[in-house]
file work.cif (mmCIF, C-alpha atoms)
data_query
loop_
_atom_site.label_atom_id
_atom_site.label_comp_id
_atom_site.auth_asym_id
_atom_site.auth_seq_id
_atom_site.Cartn_x
_atom_site.Cartn_y
_atom_site.Cartn_z
CA MET A 275 1.80 -30.86 11.62
CA THR A 276 3.75 -30.25 14.85
CA GLU A 277 1.88 -28.85 17.84
CA PHE A 278 2.87 -25.29 18.73
CA SER A 279 5.08 -25.19 21.82
CA ILE A 280 7.61 -23.03 23.63
CA GLU A 281 10.30 -24.68 25.74
CA THR A 282 12.92 -22.75 27.71
CA GLN A 283 16.10 -24.08 29.30
CA GLU A 284 18.44 -22.07 31.47
CA LEU A 285 21.98 -22.95 30.46
CA LYS A 286 25.25 -21.82 32.02
CA ARG A 287 25.92 -18.85 29.75
CA CYS A 288 22.58 -18.20 28.08
CA VAL A 289 18.94 -19.18 27.99
CA LEU A 290 17.77 -21.54 25.26
CA VAL A 291 14.29 -21.14 23.78
CA ILE A 292 13.04 -23.97 21.58
CA LEU A 293 10.04 -23.15 19.41
CA HIS A 294 7.92 -25.72 17.61
CA GLY A 295 5.04 -25.67 15.18
CA ARG A 296 3.22 -22.88 13.43
CA ILE A 297 3.69 -19.40 14.87
CA ASP A 298 0.86 -17.54 13.19
CA SER A 299 -0.34 -14.13 14.39
CA SER A 300 -2.53 -15.79 17.02
CA LYS A 301 0.48 -17.56 18.58
CA ALA A 302 3.05 -14.73 18.35
CA PRO A 303 1.70 -13.01 21.53
CA GLN A 304 2.44 -16.22 23.49
CA VAL A 305 6.04 -16.17 22.26
CA GLU A 306 6.27 -12.49 23.14
CA ALA A 307 4.97 -13.16 26.68
CA ALA A 308 7.50 -15.98 27.19
CA LEU A 309 10.42 -13.85 26.00
CA LYS A 310 9.31 -10.87 28.11
CA GLU A 311 9.19 -13.15 31.13
CA LEU A 312 12.80 -14.17 30.46
CA ILE A 313 13.89 -10.53 30.17
CA ALA A 314 12.04 -9.71 33.40
CA ALA A 315 14.09 -12.48 35.05
CA ASP A 316 17.32 -10.81 33.79
CA HIS A 317 17.98 -13.27 30.97
CA TYR A 318 19.43 -11.15 28.20
CA ARG A 319 21.59 -13.73 26.38
CA MET A 320 19.24 -15.84 24.32
CA VAL A 321 19.43 -18.59 21.74
CA ILE A 322 16.21 -19.37 19.89
CA ASP A 323 16.20 -22.80 18.24
CA MET A 324 13.90 -22.53 15.23
CA SER A 325 14.48 -26.01 13.76
CA GLY A 326 10.92 -27.13 14.56
CA VAL A 327 9.18 -23.97 13.34
CA GLU A 328 6.89 -24.55 10.35
CA PHE A 329 5.32 -21.14 9.80
CA VAL A 330 5.86 -17.54 10.92
CA SER A 331 4.04 -14.31 10.16
CA SER A 332 5.14 -10.69 10.49
CA ALA A 333 3.71 -10.69 14.03
CA PHE A 334 6.46 -13.13 15.08
CA LEU A 335 9.11 -11.03 13.31
CA ARG A 336 7.91 -7.99 15.27
CA VAL A 337 8.36 -10.01 18.48
CA LEU A 338 11.93 -10.86 17.44
CA ILE A 339 12.70 -7.21 16.64
CA SER A 340 11.29 -5.88 19.92
CA THR A 341 12.98 -8.64 21.97
CA SER A 342 16.29 -8.03 20.28
CA LYS A 343 16.07 -4.29 20.91
CA ALA A 344 15.30 -4.95 24.59
CA VAL A 345 18.14 -7.41 25.25
CA ARG A 346 20.77 -5.41 23.32
CA ARG A 347 20.14 -2.33 25.46
CA PHE A 348 23.25 -1.41 27.49
CA ASN A 349 25.12 -4.14 25.57
CA ARG A 350 23.74 -6.65 28.02
CA GLY A 351 22.83 -9.38 25.56
CA ASP A 352 21.55 -10.48 22.18
CA VAL A 353 19.19 -12.94 20.49
CA TYR A 354 20.97 -15.62 18.46
CA LEU A 355 18.82 -17.57 16.02
CA ALA A 356 19.68 -21.21 15.35
CA ALA A 357 18.73 -23.84 12.77
CA MET A 358 16.20 -21.77 10.87
CA PRO A 359 14.42 -23.87 8.19
CA GLN A 360 14.77 -22.51 4.65
CA ARG A 361 11.10 -21.54 4.31
CA ILE A 362 11.29 -19.47 7.50
CA ARG A 363 14.59 -17.99 6.33
CA ASP A 364 12.83 -16.89 3.13
CA VAL A 365 10.28 -14.93 5.21
CA PHE A 366 13.13 -13.49 7.26
CA ASP A 367 14.91 -12.39 4.07
CA LEU A 368 11.72 -10.89 2.64
CA ALA A 369 11.59 -8.63 5.70
CA GLY A 370 15.27 -7.76 5.28
CA LEU A 371 16.08 -9.07 8.76
CA ALA A 372 18.93 -11.49 8.04
CA PRO A 373 21.74 -8.88 8.31
CA LEU A 374 20.35 -7.64 11.64
CA PHE A 375 20.57 -10.94 13.55
CA LYS A 376 23.27 -13.50 14.26
CA LEU A 377 22.21 -16.71 12.57
CA PHE A 378 23.72 -20.12 13.30
CA ASP A 379 23.31 -23.42 11.48
CA THR A 380 22.92 -25.41 14.68
CA GLN A 381 21.77 -24.92 18.26
CA VAL A 382 25.17 -26.18 19.51
CA GLU A 383 27.05 -23.51 17.55
CA ALA A 384 24.73 -20.75 18.77
CA VAL A 385 24.96 -21.80 22.43
CA GLY A 386 28.74 -22.23 22.08
CA SER A 387 29.11 -18.65 20.86
CA TRP A 388 28.03 -17.24 24.21
CA MET B 163 -8.60 -11.32 -12.40
CA GLU B 164 -10.49 -8.41 -13.91
CA ALA B 165 -11.84 -5.75 -11.58
CA GLY B 166 -15.30 -6.57 -10.29
CA LYS B 167 -15.28 -10.09 -11.66
CA TYR B 168 -17.24 -12.56 -9.57
CA PRO B 169 -16.28 -16.17 -8.99
CA PRO B 170 -18.06 -19.03 -10.74
CA PRO B 171 -20.67 -19.82 -8.03
CA THR B 172 -20.50 -23.61 -8.13
CA THR B 173 -16.79 -23.90 -7.37
CA VAL B 174 -16.29 -21.50 -4.47
CA ASP B 175 -15.12 -22.75 -1.07
CA GLU B 176 -16.40 -20.42 1.61
CA LEU B 177 -15.83 -20.00 5.34
CA VAL B 178 -17.33 -17.44 7.70
CA VAL B 179 -15.55 -16.75 11.00
CA SER B 180 -15.65 -14.19 13.79
CA SER B 181 -13.06 -11.41 13.95
CA ALA B 182 -10.86 -12.96 16.63
CA LEU B 183 -7.19 -13.89 16.32
CA ASP B 184 -7.84 -17.43 17.53
CA VAL B 185 -9.70 -18.21 14.28
CA LEU B 186 -6.45 -17.81 12.31
CA PRO B 187 -5.40 -21.50 12.37
CA GLN B 188 -8.84 -22.44 10.98
CA VAL B 189 -8.74 -19.76 8.25
CA ILE B 190 -5.16 -20.55 7.23
CA GLY B 191 -5.91 -24.29 7.22
CA PHE B 192 -8.95 -23.64 5.00
CA VAL B 193 -6.87 -21.64 2.49
CA ARG B 194 -4.13 -24.27 2.60
CA GLN B 195 -6.56 -27.06 1.69
CA ALA B 196 -8.16 -25.00 -1.10
CA SER B 197 -4.79 -24.00 -2.58
CA LEU B 198 -3.50 -27.60 -2.46
CA HIS B 199 -6.74 -28.73 -4.13
CA ALA B 200 -6.18 -26.09 -6.85
CA GLY B 201 -2.81 -27.67 -7.60
CA LEU B 202 -0.47 -24.97 -6.27
CA PRO B 203 3.07 -26.07 -5.46
CA GLU B 204 4.07 -26.08 -1.77
CA SER B 205 5.97 -22.76 -2.01
CA ALA B 206 2.88 -21.02 -3.47
CA VAL B 207 0.64 -22.67 -0.85
CA PHE B 208 2.91 -21.25 1.86
CA ALA B 209 2.72 -17.80 0.21
CA CYS B 210 -1.11 -17.96 0.23
CA GLU B 211 -1.12 -19.05 3.89
CA LEU B 212 1.17 -16.21 4.96
CA ALA B 213 -0.69 -13.57 2.91
CA THR B 214 -3.97 -14.80 4.45
CA ASP B 215 -2.55 -14.55 7.99
CA GLU B 216 -1.42 -10.98 7.34
CA ALA B 217 -4.72 -9.99 5.70
CA CYS B 218 -6.87 -11.49 8.47
CA THR B 219 -4.72 -9.95 11.19
CA ASN B 220 -5.10 -6.53 9.55
CA ILE B 221 -8.89 -6.95 9.38
CA ILE B 222 -9.10 -7.97 13.05
CA GLU B 223 -6.70 -5.33 14.37
CA HIS B 224 -7.56 -2.40 12.08
CA ALA B 225 -10.93 -2.83 10.30
CA TYR B 226 -12.57 -4.17 13.48
CA ALA B 227 -10.11 -2.44 15.86
CA GLY B 228 -9.74 -5.58 17.97
CA ARG B 229 -13.49 -6.19 18.32
CA SER B 230 -14.29 -9.91 18.10
CA ASP B 231 -18.01 -9.53 17.23
CA GLY B 232 -17.39 -8.78 13.54
CA THR B 233 -17.42 -11.38 10.79
CA ILE B 234 -14.88 -12.27 8.12
CA ARG B 235 -15.99 -14.17 5.05
CA VAL B 236 -13.24 -16.11 3.32
CA ALA B 237 -13.76 -17.41 -0.21
CA CYS B 238 -11.31 -19.37 -2.38
CA TRP B 239 -11.66 -20.39 -5.98
CA SER B 240 -9.65 -21.24 -9.08
CA ASP B 241 -10.18 -19.25 -12.25
CA GLY B 242 -8.25 -20.64 -15.19
CA ASP B 243 -4.59 -20.37 -14.25
CA GLU B 244 -5.27 -18.31 -11.14
CA PHE B 245 -6.06 -19.18 -7.53
CA VAL B 246 -7.98 -16.47 -5.69
CA VAL B 247 -8.35 -15.81 -1.95
CA GLN B 248 -10.99 -13.21 -1.15
CA LEU B 249 -11.61 -11.79 2.33
CA HIS B 250 -14.62 -9.69 3.12
CA ASP B 251 -15.38 -7.68 6.25
CA GLN B 252 -17.72 -4.92 7.36
CA GLY B 253 -15.25 -3.01 9.48
CA VAL B 254 -13.79 0.44 8.97
CA ALA B 255 -12.79 1.28 5.37
CA PHE B 256 -9.19 0.49 4.66
CA ASP B 257 -6.91 2.75 2.64
CA PRO B 258 -3.88 0.76 1.51
CA GLY B 259 -2.41 3.92 0.01
CA ALA B 260 -2.00 5.23 3.56
CA VAL B 261 0.37 2.38 4.43
CA ARG B 262 3.97 3.10 3.57
CA GLU B 263 6.44 0.37 2.69
CA PRO B 264 8.56 -0.45 5.72
CA PRO B 265 12.21 0.66 5.57
CA LEU B 266 13.91 -2.73 5.12
CA THR B 267 17.49 -1.51 5.21
CA GLN B 268 17.53 0.34 8.52
CA ASP B 269 19.45 -1.10 11.43
CA LEU B 270 17.54 -2.84 14.17
CA ALA B 271 17.41 0.02 16.63
CA ALA B 272 15.72 2.23 14.04
CA ARG B 273 13.36 -0.43 12.69
CA PRO B 274 9.70 0.40 13.19
CA LEU B 275 7.61 -2.56 14.35
CA GLY B 276 4.73 -2.19 11.93
CA GLY B 277 4.12 -2.04 8.19
CA LEU B 278 5.33 -5.51 7.23
CA GLY B 279 1.92 -7.14 6.80
CA ILE B 280 0.77 -5.37 3.63
CA TYR B 281 4.29 -5.47 2.22
CA PHE B 282 4.25 -9.27 2.69
CA MET B 283 0.85 -9.60 1.01
CA ARG B 284 2.00 -7.59 -2.01
CA SER B 285 5.33 -9.44 -2.22
CA LEU B 286 3.90 -12.95 -1.89
CA MET B 287 0.85 -12.71 -4.14
CA ASP B 288 0.72 -11.82 -7.85
CA GLU B 289 -2.12 -9.36 -7.40
CA VAL B 290 -3.64 -7.69 -4.33
CA ARG B 291 -6.72 -5.57 -4.71
CA PHE B 292 -8.71 -3.64 -2.07
CA ASP B 293 -12.29 -2.55 -2.75
CA PHE B 294 -14.56 -0.63 -0.43
CA ASP B 295 -18.30 -0.24 -0.80
CA PRO B 296 -20.15 1.69 1.94
CA MET B 297 -23.07 -0.74 1.67
CA VAL B 298 -21.14 -4.00 1.34
CA GLY B 299 -17.88 -3.34 3.22
CA ASN B 300 -14.24 -4.12 2.50
CA THR B 301 -13.25 -6.76 -0.04
CA LEU B 302 -9.66 -7.87 -0.39
CA THR B 303 -8.90 -10.03 -3.41
CA MET B 304 -5.51 -11.73 -3.60
CA THR B 305 -4.50 -13.73 -6.65
CA LYS B 306 -1.75 -16.30 -7.11
CA ARG B 307 -0.93 -17.68 -10.55
CA ILE B 308 -0.99 -21.48 -10.68
#

call {"tool": "encode", "arguments": {"input": "work.cif", "output": "structure tokens"}}
result
Amino acid sequence: MTEFSIETQELKRCVLVILHGRIDSSKAPQVEAALKELIAADHYRMVIDMSGVEFVSSAFLRVLISTSKAVRRFNRGDVYLAAMPQRIRDVFDLAGLAPLFKLFDTQVEAVGSW
Amino acid sequence: MEAGKYPPPTTVDELVVSSALDVLPQVIGFVRQASLHAGLPESAVFACELATDEACTNIIEHAYAGRSDGTIRVACWSDGDEFVVQLHDQGVAFDPGAVREPPLTQDLAARPLGGLGIYFMRSLMDEVRFDFDPMVGNTLTMTKRI
């Protein structure tokens, strides 16, 4: 089991957020705080690399929805999701979220789209 | 499982935790081990873990309204071709009929943030049953076929 972690990297055209481990409802608030901090620092163009994520609950999906709403305001940005493992994608599909986000197979593709 | 049926007492795994979000990894890990032991395939184990996260979060945030001094009793057992996760709390009575299914087709701007938890529980498990007894409290019984 991978330890839960949040890593952020400021790139030239966007900010990259790399999530690892199990994001249960007790960890989702930490992700929310990290993303809010980025928005507060005027980072609206985000890529979230999900390749190391092993578990998500609806609390994490709510964080994604609220973050996406915040960064899309005034057309100033978006949240691109990269390398989502199939099991996480299944949860995403169950919530009907796949059509509402831009999904990329790899982190490189997602970053390159900004 | 039939309504009101009790588990065979010798084969129940039980865990009692406080009503705080930071107990979730322990509760989910407990259900994971019990469901693996019952012989569920990995996809069904994941479904039980996610349904348990949603159920526990609801108990903590709604039944106990964020108070961490309540208790949650988690019990798991196998009954023939069924694996059962049962959560018990003594918080405020819960009315699942009052929770509407979230609108899954709306665009993002119109998406409400809540309502997904119970929808997930009902989608992931084969049976979800809520019982309330004013003396005993809330009992949530979720069943997954093996």

call {"tool": "closest_residue", "arguments": {"input": "work.cif", "among": "A:Leu377, A:Leu355, A:Ala302, A:Ile280", "to": "Met324 of chain A", "atoms": "all atoms listed in the file"}}
result
A:Leu355

call {"tool": "closest_residue", "arguments": {"input": "work.cif", "among": "B:Ala255, B:Met283, B:Ala196, B:Ile308", "to": "chain A", "atoms": "all atoms listed in the file"}}
result
B:Met283

call {"tool": "residues_around", "arguments": {"input": "work.cif", "residues": "segment 239-241 of chain B", "least_positions_apart": "3", "cutoff": "8 Å", "atoms": "only C-alpha atoms", "output": "list of chain:residue names"}}
result
B:Pro169, B:Thr173, B:Val174, B:Asp175, B:Ala196, B:Ala200, B:Glu244, B:Phe245, B:Val246, B:Val247

call {"tool": "resolve_selection", "arguments": {"input": "work.cif", "expression": "the PyMOL selection byres ((chain A) within 8 of (chain B))", "output": "VMD selection string"}}
result
chain A and resid 298 to 300 330 to 332 336 339 to 340 343 368 to 371 374

call {"tool": "resolve_selection", "arguments": {"input": "work.cif", "expression": "the PyMOL selection byres ((chain B and resi 230-233) around 8)", "output": "list in words"}}
result
Val178, Val179, Ser180, Ser181, Ala182, Ile222, Tyr226, Gly228, Arg229, Ile234, Arg235, Asp251, Gln252 and Gly253 of chain B

call {"tool": "residues_around", "arguments": {"input": "work.cif", "residues": "Met287 of chain B", "least_positions_apart": "5", "cutoff": "7 Å", "atoms": "only C-alpha atoms", "output": "list in words"}}
result
Ala209, Met304, Thr305 and Lys306 of chain B

call {"tool": "closest_residue", "arguments": {"input": "work.cif", "among": "B:Val290, B:Phe256, B:Cys238, B:Gly299", "to": "Gln195 of chain B", "atoms": "all atoms listed in the file"}}
result
B:Cys238

call {"tool": "closest_residue", "arguments": {"input": "work.cif", "among": "A:Val321, A:Phe334, A:Ala344, A:Leu285", "to": "Gln304 of chain A", "atoms": "all atoms listed in the file"}}
result
A:Phe334

call {"tool": "atom_distance", "arguments": {"input": "work.cif", "atom1": "atom CA of Glu277 of chain A", "atom2": "atom CA of Ser325 of chain A"}}
result
13.5 Å

call {"tool": "residues_around", "arguments": {"input": "work.cif", "residues": "Ile313 of chain A", "least_positions_apart": "3", "cutoff": "9 Å", "atoms": "only C-alpha atoms", "output": "list of chain:residue names"}}
result
A:Ala308, A:Leu309, A:Lys310, A:Asp316, A:His317, A:Tyr318, A:Thr341, A:Ala344, A:Val345

call {"tool": "write_last_selection", "arguments": {"input": "work.cif", "atoms": "C-alpha atoms", "output": "CSV table (one decimal), in the frame of the given file"}}
result
chain,number,residue,atom,x,y,z
A,308,ALA,CA,7.5,-16.0,27.2
A,309,LEU,CA,10.4,-13.8,26.0
A,310,LYS,CA,9.3,-10.9,28.1
A,316,ASP,CA,17.3,-10.8,33.8
A,317,HIS,CA,18.0,-13.3,31.0
A,318,TYR,CA,19.4,-11.2,28.2
A,341,THR,CA,13.0,-8.6,22.0
A,344,ALA,CA,15.3,-5.0,24.6
A,345,VAL,CA,18.1,-7.4,25.2

call {"tool": "residues_around", "arguments": {"input": "work.cif", "residues": "Ala357 of chain A", "least_positions_apart": "3", "cutoff": "10 Å", "atoms": "all atoms listed in the file", "output": "ChimeraX atom specification"}}
result
/A:322-327,360,363,377-384

call {"tool": "atom_distance", "arguments": {"input": "work.cif", "atom1": "atom CA of Arg287 of chain A", "atom2": "atom CA of Phe329 of chain A"}}
result
28.8 Å
